[in-house]
2 protein chains.
Amino acid sequence: MTSMTLADLHPGRIAVLAGGIGGARFLMGLRACLPPGQAQITVIGNTGDDIWVHGVRVCPDLDTVMYTLGGGISAERGWGRETETFVVKEELAAYGVEPTWFGLGDRDLATHLVRTQSLRAGFALSEVTAALCERWQPGVRLLPMSDDRAETHVLISDPERAGEPGAGGQPPTVAIHFQEWWIRHRAAIPAHGFRVIGIEDARPAPGVLEAIAEADVILFPPSNPVVSIGVILQVPGIAEAIRRATAPVVGMSPIIGNAPVRGMADACLAAIGLPTSPLAVAQHYGARESGGVIDGWLVHADDAGVLGAVEAAGIRGRAVPLLMTDVAATAAMARAALDLAAEIAGSPDRR
Amino acid sequence: MTSMTLADLHPGRIAVLAGGIGGARFLMGLRACLPPGQAQITVIGNTGDDIWVHGVRVCPDLDTVMYTLGGGISAERGWGRETETFVVKEELAAYGVEPTWFGLGDRDLATHLVRTQSLRAGFALSEVTAALCERWQPGVRLLPMSDDRAETHVLISDPERAGEPGAGGQPPTVAIHFQEWWIRHRAAIPAHGFRVIGIEDARPAPGVLEAIAEADVILFPPSNPVVSIGVILQVPGIAEAIRRATAPVVGMSPIIGNAPVRGMADACLAAIGLPTSPLAVAQHYGARESGGVIDGWLVHADDAGVLGAVEAAGIRGRAVPLLMTDVAATAAMARAALDLAAEIAGSPDRR
């Protein structure tokens, strides 16, 4: 391949690593910028946020992608179902059962009931996800990163034992589920780090490694680089598959200026000792040519000043509008990511 | 005890075997006719109707008693919760998962979620029921007949294979869950019989045999004699405990004239070869002095004509209004049952 062709501009197989809201909104734009029926998009979704709550299995990121692309998402909240009611949640609170902080909507609960019953019947999460998608028709192939349970936990100073010195004079550290930190505490308790419990034994779900190996383009949407894409990359075999993939890998900064576009990615970056900047995230992913996982990086138009440093890290950078204000704006951003990927694929120094 | 005392009129310990709506309404009257705080009512509830549906454990009869006495029942339907919504049910149907005929309300579902999670955590149904009752404060001690799974099934001619001769030239018989027969088919498919699967190995729940042995009065409300009280009596040890109890046992006819007061008890009686009549049900229970389970029997005022035959069967009978039109009418009926019990207890031929 020595020059760009239509096939470069309209790649046939696109693999996308995705968290929740940011990933889902990006996928809306990606789907919109491609000619219908020509591309196959495989989404490898983060399941580190998954949680058992009130006896049902909740997969927040998979569901956000499924509902968003399937037209069932709450546009107002960005998660959960539109025209949602919370009758069951109120009743559970009336019974005094915990947790009360988890936003379990009635419509959403039906998804969890179907999933839970299917999982208990012995089906794998990837099979269950495919079955749920038969209703939602998201127009992408949605795969969990793994069928195995691997849940992100957050290390915090035990709030119950503040002032009590633990090892080294620090208050004792406890691990709470990511959802408890994120939703109940709104990421306001300083995190000392993250542990994805079970990740060592998690295997990539069927189709994940193949989707990466066979992709024409691999994209990292502006999802959380620590607890969304970062967790997917911790599944043994996935980062290695991305390093070895023939496709170019292009990421998009979830940080604009020195703040996350949405969500609380800054708290996550701080927990792993990184500044909240587009450059720091690019460096954290690292250039594939130096053992990292990306080849290209989009920063927001106003952040063009960091491109020199991005390029110096061996990563091809572009500054384009990254605010996903509507599907058209997001489609333009997705187009820019595909264009950069095509440029990288067609680049003489890569051939 | 040679004459009636206040203690006879206001017995301290009352054990009641109960199905769903009929039992629950009777208990409203029983509770109302007793001075507050003086009597301890133990309800031994039918769990043969219980079903796993959409991955949650539903105990229709226990919940009907709990909601009715706790002020949460739908007065209109007689089962399920007041001001109920059916959002989850609609969503489950949108996923195409079966069964769609089960009336799973949102408020009600919260009860099943709490129950299911507690059961899966290892608690017994009797413990879970007590925990649920902490919210509802039904004013009675509500015990499941058993903590073990034993579900009523209905033998019907296979509707899928009508006309296909089975053994003996009859169409093949299949067993469907009682709920499917009762709700989905509205008991309109002729039943050849009932099988309570698992009943041989079911043990009475903790407290059940003690409640029967220690009772001052044992009552059979006008619940379904076949699939409600009849199933409770099939739990190994319960019928025997009732036969040996020191307390008088008084039942109330669920049949008025030749029709059930409500529900489809006639279809159940027909299935076991009994006519739909107050006398037939009394004879089916049988006099304790002849190896049966009752001493006294209330028939409706208009059915006084059967009392001679009831007495001839060794059962003391009374004709009183048995329509549970409101709590006051039901309290009068409960009072009549207690009066008959006191008369039996004080009767010289019983001493």
# chains A, B, ... in the order shown; residues from 1 in each chain; ligands from 1
$ select_by_dssp --residues "range 15-137 of chain A" --states "helix (DSSP H, G or I)" --output "PyMOL selection string"
chain A and resi 21-33+60-70+87-94+106-120+125-136
$ interface_residues --of "chain A" --to "chain B" --cutoff "6 Å" --atoms "only C-alpha atoms" --output "ChimeraX atom specification"
/A:55,88,91-92,106-107,110,117
$ write_last_selection --atoms "N, CA and C atoms" --output "PDB file, in the first residue's frame"
ATOM      1  N   GLY A  55     -28.352  -8.784  43.615  1.00  0.00           N
ATOM      2  CA  GLY A  55     -28.448 -10.115  43.044  1.00  0.00           C
ATOM      3  C   GLY A  55     -28.486 -10.167  41.533  1.00  0.00           C
ATOM      4  N   VAL A  88     -38.542   0.090  41.550  1.00  0.00           N
ATOM      5  CA  VAL A  88     -37.904  -1.026  42.254  1.00  0.00           C
ATOM      6  C   VAL A  88     -36.853  -0.496  43.232  1.00  0.00           C
ATOM      7  N   GLU A  91     -38.443   0.725  46.323  1.00  0.00           N
ATOM      8  CA  GLU A  91     -38.926  -0.396  47.134  1.00  0.00           C
ATOM      9  C   GLU A  91     -37.773  -1.105  47.845  1.00  0.00           C
ATOM     10  N   LEU A  92     -36.656  -1.259  47.134  1.00  0.00           N
ATOM     11  CA  LEU A  92     -35.495  -1.886  47.767  1.00  0.00           C
ATOM     12  C   LEU A  92     -35.041  -1.041  48.954  1.00  0.00           C
ATOM     13  N   ASP A 106     -35.858   0.862  36.467  1.00  0.00           N
ATOM     14  CA  ASP A 106     -36.739  -0.279  36.211  1.00  0.00           C
ATOM     15  C   ASP A 106     -36.504  -0.877  34.827  1.00  0.00           C
ATOM     16  N   ARG A 107     -36.450  -0.005  33.808  1.00  0.00           N
ATOM     17  CA  ARG A 107     -36.214  -0.524  32.451  1.00  0.00           C
ATOM     18  C   ARG A 107     -34.856  -1.207  32.379  1.00  0.00           C
ATOM     19  N   ALA A 110     -34.557  -4.766  33.780  1.00  0.00           N
ATOM     20  CA  ALA A 110     -34.983  -5.889  32.933  1.00  0.00           C
ATOM     21  C   ALA A 110     -33.779  -6.460  32.188  1.00  0.00           C
ATOM     22  N   GLN A 117     -30.118 -14.163  34.526  1.00  0.00           N
ATOM     23  CA  GLN A 117     -30.696 -15.488  34.342  1.00  0.00           C
ATOM     24  C   GLN A 117     -29.908 -16.286  33.302  1.00  0.00           C
TER      25      GLN A 117
END
$ select_by_dssp --residues "range 85-256 of chain A" --states "strand (DSSP E)" --output "ChimeraX atom specification"
/A:141-144,151-157,173-177,193-197,217-220,249-252,255-256
$ residues_around --residues "Ile73 in chain B" --least-positions-apart "3" --cutoff "10 Å" --atoms "only C-alpha atoms" --output "PDB file with all heavy atoms, in the first residue's frame"
ATOM      1  N   ILE B  21     -55.143 -15.441  48.555  1.00  0.00           N
ATOM      2  CA  ILE B  21     -56.122 -14.370  48.759  1.00  0.00           C
ATOM      3  C   ILE B  21     -57.151 -14.722  49.838  1.00  0.00           C
ATOM      4  O   ILE B  21     -57.403 -13.934  50.755  1.00  0.00           O
ATOM      5  CB  ILE B  21     -56.822 -14.043  47.418  1.00  0.00           C
ATOM      6  CG1 ILE B  21     -55.777 -13.581  46.392  1.00  0.00           C
ATOM      7  CG2 ILE B  21     -57.890 -12.981  47.620  1.00  0.00           C
ATOM      8  CD1 ILE B  21     -56.341 -13.293  45.014  1.00  0.00           C
ATOM      9  N   ALA B  24     -55.503 -14.792  53.243  1.00  0.00           N
ATOM     10  CA  ALA B  24     -55.094 -13.450  53.663  1.00  0.00           C
ATOM     11  C   ALA B  24     -56.303 -12.635  54.129  1.00  0.00           C
ATOM     12  O   ALA B  24     -56.257 -11.951  55.155  1.00  0.00           O
ATOM     13  CB  ALA B  24     -54.381 -12.741  52.514  1.00  0.00           C
ATOM     14  N   ASP B  63     -46.502 -13.854  50.002  1.00  0.00           N
ATOM     15  CA  ASP B  63     -46.516 -12.412  49.749  1.00  0.00           C
ATOM     16  C   ASP B  63     -47.927 -11.837  49.830  1.00  0.00           C
ATOM     17  O   ASP B  63     -48.121 -10.717  50.313  1.00  0.00           O
ATOM     18  CB  ASP B  63     -45.899 -12.103  48.377  1.00  0.00           C
ATOM     19  CG  ASP B  63     -44.390 -12.281  48.383  1.00  0.00           C
ATOM     20  OD1 ASP B  63     -43.818 -12.465  49.481  1.00  0.00           O
ATOM     21  OD2 ASP B  63     -43.784 -12.241  47.298  1.00  0.00           O
ATOM     22  N   THR B  64     -48.906 -12.605  49.379  1.00  0.00           N
ATOM     23  CA  THR B  64     -50.286 -12.120  49.471  1.00  0.00           C
ATOM     24  C   THR B  64     -50.675 -11.930  50.942  1.00  0.00           C
ATOM     25  O   THR B  64     -51.294 -10.925  51.309  1.00  0.00           O
ATOM     26  CB  THR B  64     -51.241 -13.093  48.768  1.00  0.00           C
ATOM     27  OG1 THR B  64     -50.926 -13.091  47.370  1.00  0.00           O
ATOM     28  CG2 THR B  64     -52.695 -12.675  48.945  1.00  0.00           C
ATOM     29  N   VAL B  65     -50.289 -12.880  51.779  1.00  0.00           N
ATOM     30  CA  VAL B  65     -50.574 -12.733  53.218  1.00  0.00           C
ATOM     31  C   VAL B  65     -49.820 -11.525  53.783  1.00  0.00           C
ATOM     32  O   VAL B  65     -50.381 -10.678  54.484  1.00  0.00           O
ATOM     33  CB  VAL B  65     -50.190 -14.024  53.973  1.00  0.00           C
ATOM     34  CG1 VAL B  65     -50.233 -13.803  55.487  1.00  0.00           C
ATOM     35  CG2 VAL B  65     -51.114 -15.171  53.567  1.00  0.00           C
ATOM     36  N   MET B  66     -48.535 -11.424  53.441  1.00  0.00           N
ATOM     37  CA  MET B  66     -47.692 -10.347  53.985  1.00  0.00           C
ATOM     38  C   MET B  66     -48.184  -8.976  53.535  1.00  0.00           C
ATOM     39  O   MET B  66     -48.313  -8.045  54.344  1.00  0.00           O
ATOM     40  CB  MET B  66     -46.253 -10.590  53.521  1.00  0.00           C
ATOM     41  CG  MET B  66     -45.233  -9.609  54.032  1.00  0.00           C
ATOM     42  SD  MET B  66     -43.542 -10.109  53.559  1.00  0.00           S
ATOM     43  CE  MET B  66     -43.515  -9.601  51.821  1.00  0.00           C
ATOM     44  N   TYR B  67     -48.467  -8.845  52.255  1.00  0.00           N
ATOM     45  CA  TYR B  67     -48.922  -7.545  51.736  1.00  0.00           C
ATOM     46  C   TYR B  67     -50.317  -7.199  52.279  1.00  0.00           C
ATOM     47  O   TYR B  67     -50.594  -6.046  52.602  1.00  0.00           O
ATOM     48  CB  TYR B  67     -49.000  -7.565  50.205  1.00  0.00           C
ATOM     49  CG  TYR B  67     -47.702  -7.692  49.456  1.00  0.00           C
ATOM     50  CD1 TYR B  67     -47.695  -8.216  48.152  1.00  0.00           C
ATOM     51  CD2 TYR B  67     -46.484  -7.279  49.988  1.00  0.00           C
ATOM     52  CE1 TYR B  67     -46.519  -8.327  47.415  1.00  0.00           C
ATOM     53  CE2 TYR B  67     -45.298  -7.395  49.258  1.00  0.00           C
ATOM     54  CZ  TYR B  67     -45.329  -7.917  47.970  1.00  0.00           C
ATOM     55  OH  TYR B  67     -44.181  -8.034  47.231  1.00  0.00           O
ATOM     56  N   THR B  68     -51.202  -8.212  52.331  1.00  0.00           N
ATOM     57  CA  THR B  68     -52.570  -7.936  52.794  1.00  0.00           C
ATOM     58  C   THR B  68     -52.552  -7.463  54.243  1.00  0.00           C
ATOM     59  O   THR B  68     -53.116  -6.413  54.572  1.00  0.00           O
ATOM     60  CB  THR B  68     -53.445  -9.196  52.666  1.00  0.00           C
ATOM     61  OG1 THR B  68     -53.460  -9.615  51.288  1.00  0.00           O
ATOM     62  CG2 THR B  68     -54.875  -8.919  53.118  1.00  0.00           C
ATOM     63  N   LEU B  69     -51.862  -8.207  55.093  1.00  0.00           N
ATOM     64  CA  LEU B  69     -51.842  -7.836  56.515  1.00  0.00           C
ATOM     65  C   LEU B  69     -50.970  -6.606  56.749  1.00  0.00           C
ATOM     66  O   LEU B  69     -51.156  -5.893  57.734  1.00  0.00           O
ATOM     67  CB  LEU B  69     -51.348  -9.014  57.357  1.00  0.00           C
ATOM     68  CG  LEU B  69     -52.268 -10.239  57.359  1.00  0.00           C
ATOM     69  CD1 LEU B  69     -51.656 -11.365  58.184  1.00  0.00           C
ATOM     70  CD2 LEU B  69     -53.653  -9.896  57.909  1.00  0.00           C
ATOM     71  N   GLY B  70     -50.020  -6.354  55.847  1.00  0.00           N
ATOM     72  CA  GLY B  70     -49.130  -5.205  56.001  1.00  0.00           C
ATOM     73  C   GLY B  70     -49.642  -3.947  55.327  1.00  0.00           C
ATOM     74  O   GLY B  70     -48.969  -2.909  55.354  1.00  0.00           O
ATOM     75  N   GLU B  76     -57.762  -4.028  44.521  1.00  0.00           N
ATOM     76  CA  GLU B  76     -58.479  -4.322  43.275  1.00  0.00           C
ATOM     77  C   GLU B  76     -58.233  -5.764  42.817  1.00  0.00           C
ATOM     78  O   GLU B  76     -59.156  -6.505  42.541  1.00  0.00           O
ATOM     79  CB  GLU B  76     -57.995  -3.336  42.205  1.00  0.00           C
ATOM     80  CG  GLU B  76     -58.748  -3.393  40.903  1.00  0.00           C
ATOM     81  CD  GLU B  76     -57.984  -2.617  39.819  1.00  0.00           C
ATOM     82  OE1 GLU B  76     -57.111  -1.786  40.179  1.00  0.00           O
ATOM     83  OE2 GLU B  76     -58.240  -2.862  38.642  1.00  0.00           O
ATOM     84  N   ARG B  77     -56.926  -6.147  42.765  1.00  0.00           N
ATOM     85  CA  ARG B  77     -56.597  -7.481  42.267  1.00  0.00           C
ATOM     86  C   ARG B  77     -56.648  -8.544  43.350  1.00  0.00           C
ATOM     87  O   ARG B  77     -56.911  -9.702  43.079  1.00  0.00           O
ATOM     88  CB  ARG B  77     -55.182  -7.482  41.665  1.00  0.00           C
ATOM     89  CG  ARG B  77     -55.044  -6.743  40.352  1.00  0.00           C
ATOM     90  CD  ARG B  77     -53.683  -7.053  39.720  1.00  0.00           C
ATOM     91  NE  ARG B  77     -52.576  -6.779  40.643  1.00  0.00           N
ATOM     92  CZ  ARG B  77     -51.990  -5.612  40.794  1.00  0.00           C
ATOM     93  NH1 ARG B  77     -52.376  -4.580  40.077  1.00  0.00           N
ATOM     94  NH2 ARG B  77     -51.008  -5.449  41.650  1.00  0.00           N
ATOM     95  N   GLY B  78     -56.312  -8.164  44.575  1.00  0.00           N
ATOM     96  CA  GLY B  78     -56.235  -9.154  45.645  1.00  0.00           C
ATOM     97  C   GLY B  78     -54.867  -9.785  45.754  1.00  0.00           C
ATOM     98  O   GLY B  78     -54.547 -10.456  46.722  1.00  0.00           O
ATOM     99  N   TRP B  79     -54.010  -9.608  44.750  1.00  0.00           N
ATOM    100  CA  TRP B  79     -52.622 -10.074  44.805  1.00  0.00           C
ATOM    101  C   TRP B  79     -51.729  -8.917  44.336  1.00  0.00           C
ATOM    102  O   TRP B  79     -52.193  -7.975  43.675  1.00  0.00           O
ATOM    103  CB  TRP B  79     -52.399 -11.309  43.923  1.00  0.00           C
ATOM    104  CG  TRP B  79     -52.789 -11.126  42.484  1.00  0.00           C
ATOM    105  CD1 TRP B  79     -53.998 -11.416  41.920  1.00  0.00           C
ATOM    106  CD2 TRP B  79     -51.980 -10.583  41.418  1.00  0.00           C
ATOM    107  NE1 TRP B  79     -53.987 -11.093  40.584  1.00  0.00           N
ATOM    108  CE2 TRP B  79     -52.764 -10.584  40.247  1.00  0.00           C
ATOM    109  CE3 TRP B  79     -50.671 -10.104  41.356  1.00  0.00           C
ATOM    110  CZ2 TRP B  79     -52.292 -10.119  39.009  1.00  0.00           C
ATOM    111  CZ3 TRP B  79     -50.192  -9.639  40.120  1.00  0.00           C
ATOM    112  CH2 TRP B  79     -50.999  -9.654  38.971  1.00  0.00           C
ATOM    113  N   GLY B  80     -50.468  -9.017  44.689  1.00  0.00           N
ATOM    114  CA  GLY B  80     -49.530  -7.978  44.265  1.00  0.00           C
ATOM    115  C   GLY B  80     -49.756  -6.667  44.992  1.00  0.00           C
ATOM    116  O   GLY B  80     -50.635  -6.553  45.853  1.00  0.00           O
ATOM    117  N   ARG B  81     -48.969  -5.672  44.601  1.00  0.00           N
ATOM    118  CA  ARG B  81     -48.912  -4.427  45.346  1.00  0.00           C
ATOM    119  C   ARG B  81     -49.880  -3.377  44.831  1.00  0.00           C
ATOM    120  O   ARG B  81     -50.217  -3.351  43.646  1.00  0.00           O
ATOM    121  CB  ARG B  81     -47.476  -3.883  45.284  1.00  0.00           C
ATOM    122  CG  ARG B  81     -46.437  -4.768  45.974  1.00  0.00           C
ATOM    123  CD  ARG B  81     -46.554  -4.662  47.467  1.00  0.00           C
ATOM    124  NE  ARG B  81     -46.634  -3.255  47.846  1.00  0.00           N
ATOM    125  CZ  ARG B  81     -45.588  -2.426  47.920  1.00  0.00           C
ATOM    126  NH1 ARG B  81     -44.384  -2.890  47.680  1.00  0.00           N
ATOM    127  NH2 ARG B  81     -45.747  -1.163  48.248  1.00  0.00           N
ATOM    128  N   GLU B  82     -50.277  -2.531  45.750  1.00  0.00           N
ATOM    129  CA  GLU B  82     -51.108  -1.387  45.355  1.00  0.00           C
ATOM    130  C   GLU B  82     -50.262  -0.412  44.529  1.00  0.00           C
ATOM    131  O   GLU B  82     -49.039  -0.465  44.564  1.00  0.00           O
ATOM    132  CB  GLU B  82     -51.699  -0.714  46.610  1.00  0.00           C
ATOM    133  CG  GLU B  82     -50.895   0.414  47.200  1.00  0.00           C
ATOM    134  CD  GLU B  82     -49.569  -0.003  47.850  1.00  0.00           C
ATOM    135  OE1 GLU B  82     -48.973  -1.057  47.484  1.00  0.00           O
ATOM    136  OE2 GLU B  82     -49.093   0.746  48.693  1.00  0.00           O
ATOM    137  N   THR B  83     -50.897   0.468  43.795  1.00  0.00           N
ATOM    138  CA  THR B  83     -50.241   1.451  42.902  1.00  0.00           C
ATOM    139  C   THR B  83     -49.064   0.794  42.181  1.00  0.00           C
ATOM    140  O   THR B  83     -47.975   1.349  42.131  1.00  0.00           O
ATOM    141  CB  THR B  83     -49.757   2.706  43.668  1.00  0.00           C
ATOM    142  OG1 THR B  83     -48.761   2.333  44.629  1.00  0.00           O
ATOM    143  CG2 THR B  83     -50.914   3.410  44.368  1.00  0.00           C
ATOM    144  N   GLU B  84     -49.336  -0.382  41.638  1.00  0.00           N
ATOM    145  CA  GLU B  84     -48.262  -1.145  40.995  1.00  0.00           C
ATOM    146  C   GLU B  84     -48.024  -0.642  39.564  1.00  0.00           C
ATOM    147  O   GLU B  84     -48.934  -0.118  38.916  1.00  0.00           O
ATOM    148  CB  GLU B  84     -48.637  -2.631  40.992  1.00  0.00           C
ATOM    149  CG  GLU B  84     -47.576  -3.586  40.468  1.00  0.00           C
ATOM    150  CD  GLU B  84     -46.280  -3.529  41.256  1.00  0.00           C
ATOM    151  OE1 GLU B  84     -45.588  -2.494  41.166  1.00  0.00           O
ATOM    152  OE2 GLU B  84     -45.948  -4.515  41.939  1.00  0.00           O
ATOM    153  N   ASP B 108     -43.560  -5.348  43.452  1.00  0.00           N
ATOM    154  CA  ASP B 108     -43.500  -6.747  43.853  1.00  0.00           C
ATOM    155  C   ASP B 108     -42.113  -7.332  43.576  1.00  0.00           C
ATOM    156  O   ASP B 108     -41.567  -8.079  44.389  1.00  0.00           O
ATOM    157  CB  ASP B 108     -44.574  -7.503  43.053  1.00  0.00           C
ATOM    158  CG  ASP B 108     -44.915  -8.856  43.642  1.00  0.00           C
ATOM    159  OD1 ASP B 108     -44.741  -9.039  44.858  1.00  0.00           O
ATOM    160  OD2 ASP B 108     -45.366  -9.722  42.879  1.00  0.00           O
TER     161      ASP B 108
END
$ closest_residue --among "A:Ile272, A:Thr325, A:Gly103, A:Ser74" --to "Arg184 in chain A" --atoms "only C-alpha atoms"
A:Gly103
$ atom_distance --atom1 "CA of Leu62 in chain A" --atom2 "CA of Thr47 in chain A"
7.2 Å
$ residues_around --residues "Ile238 in chain B" --least-positions-apart "5" --cutoff "8 Å" --atoms "only C-alpha atoms" --output "ChimeraX atom specification"
/B:204,208-209,232-233
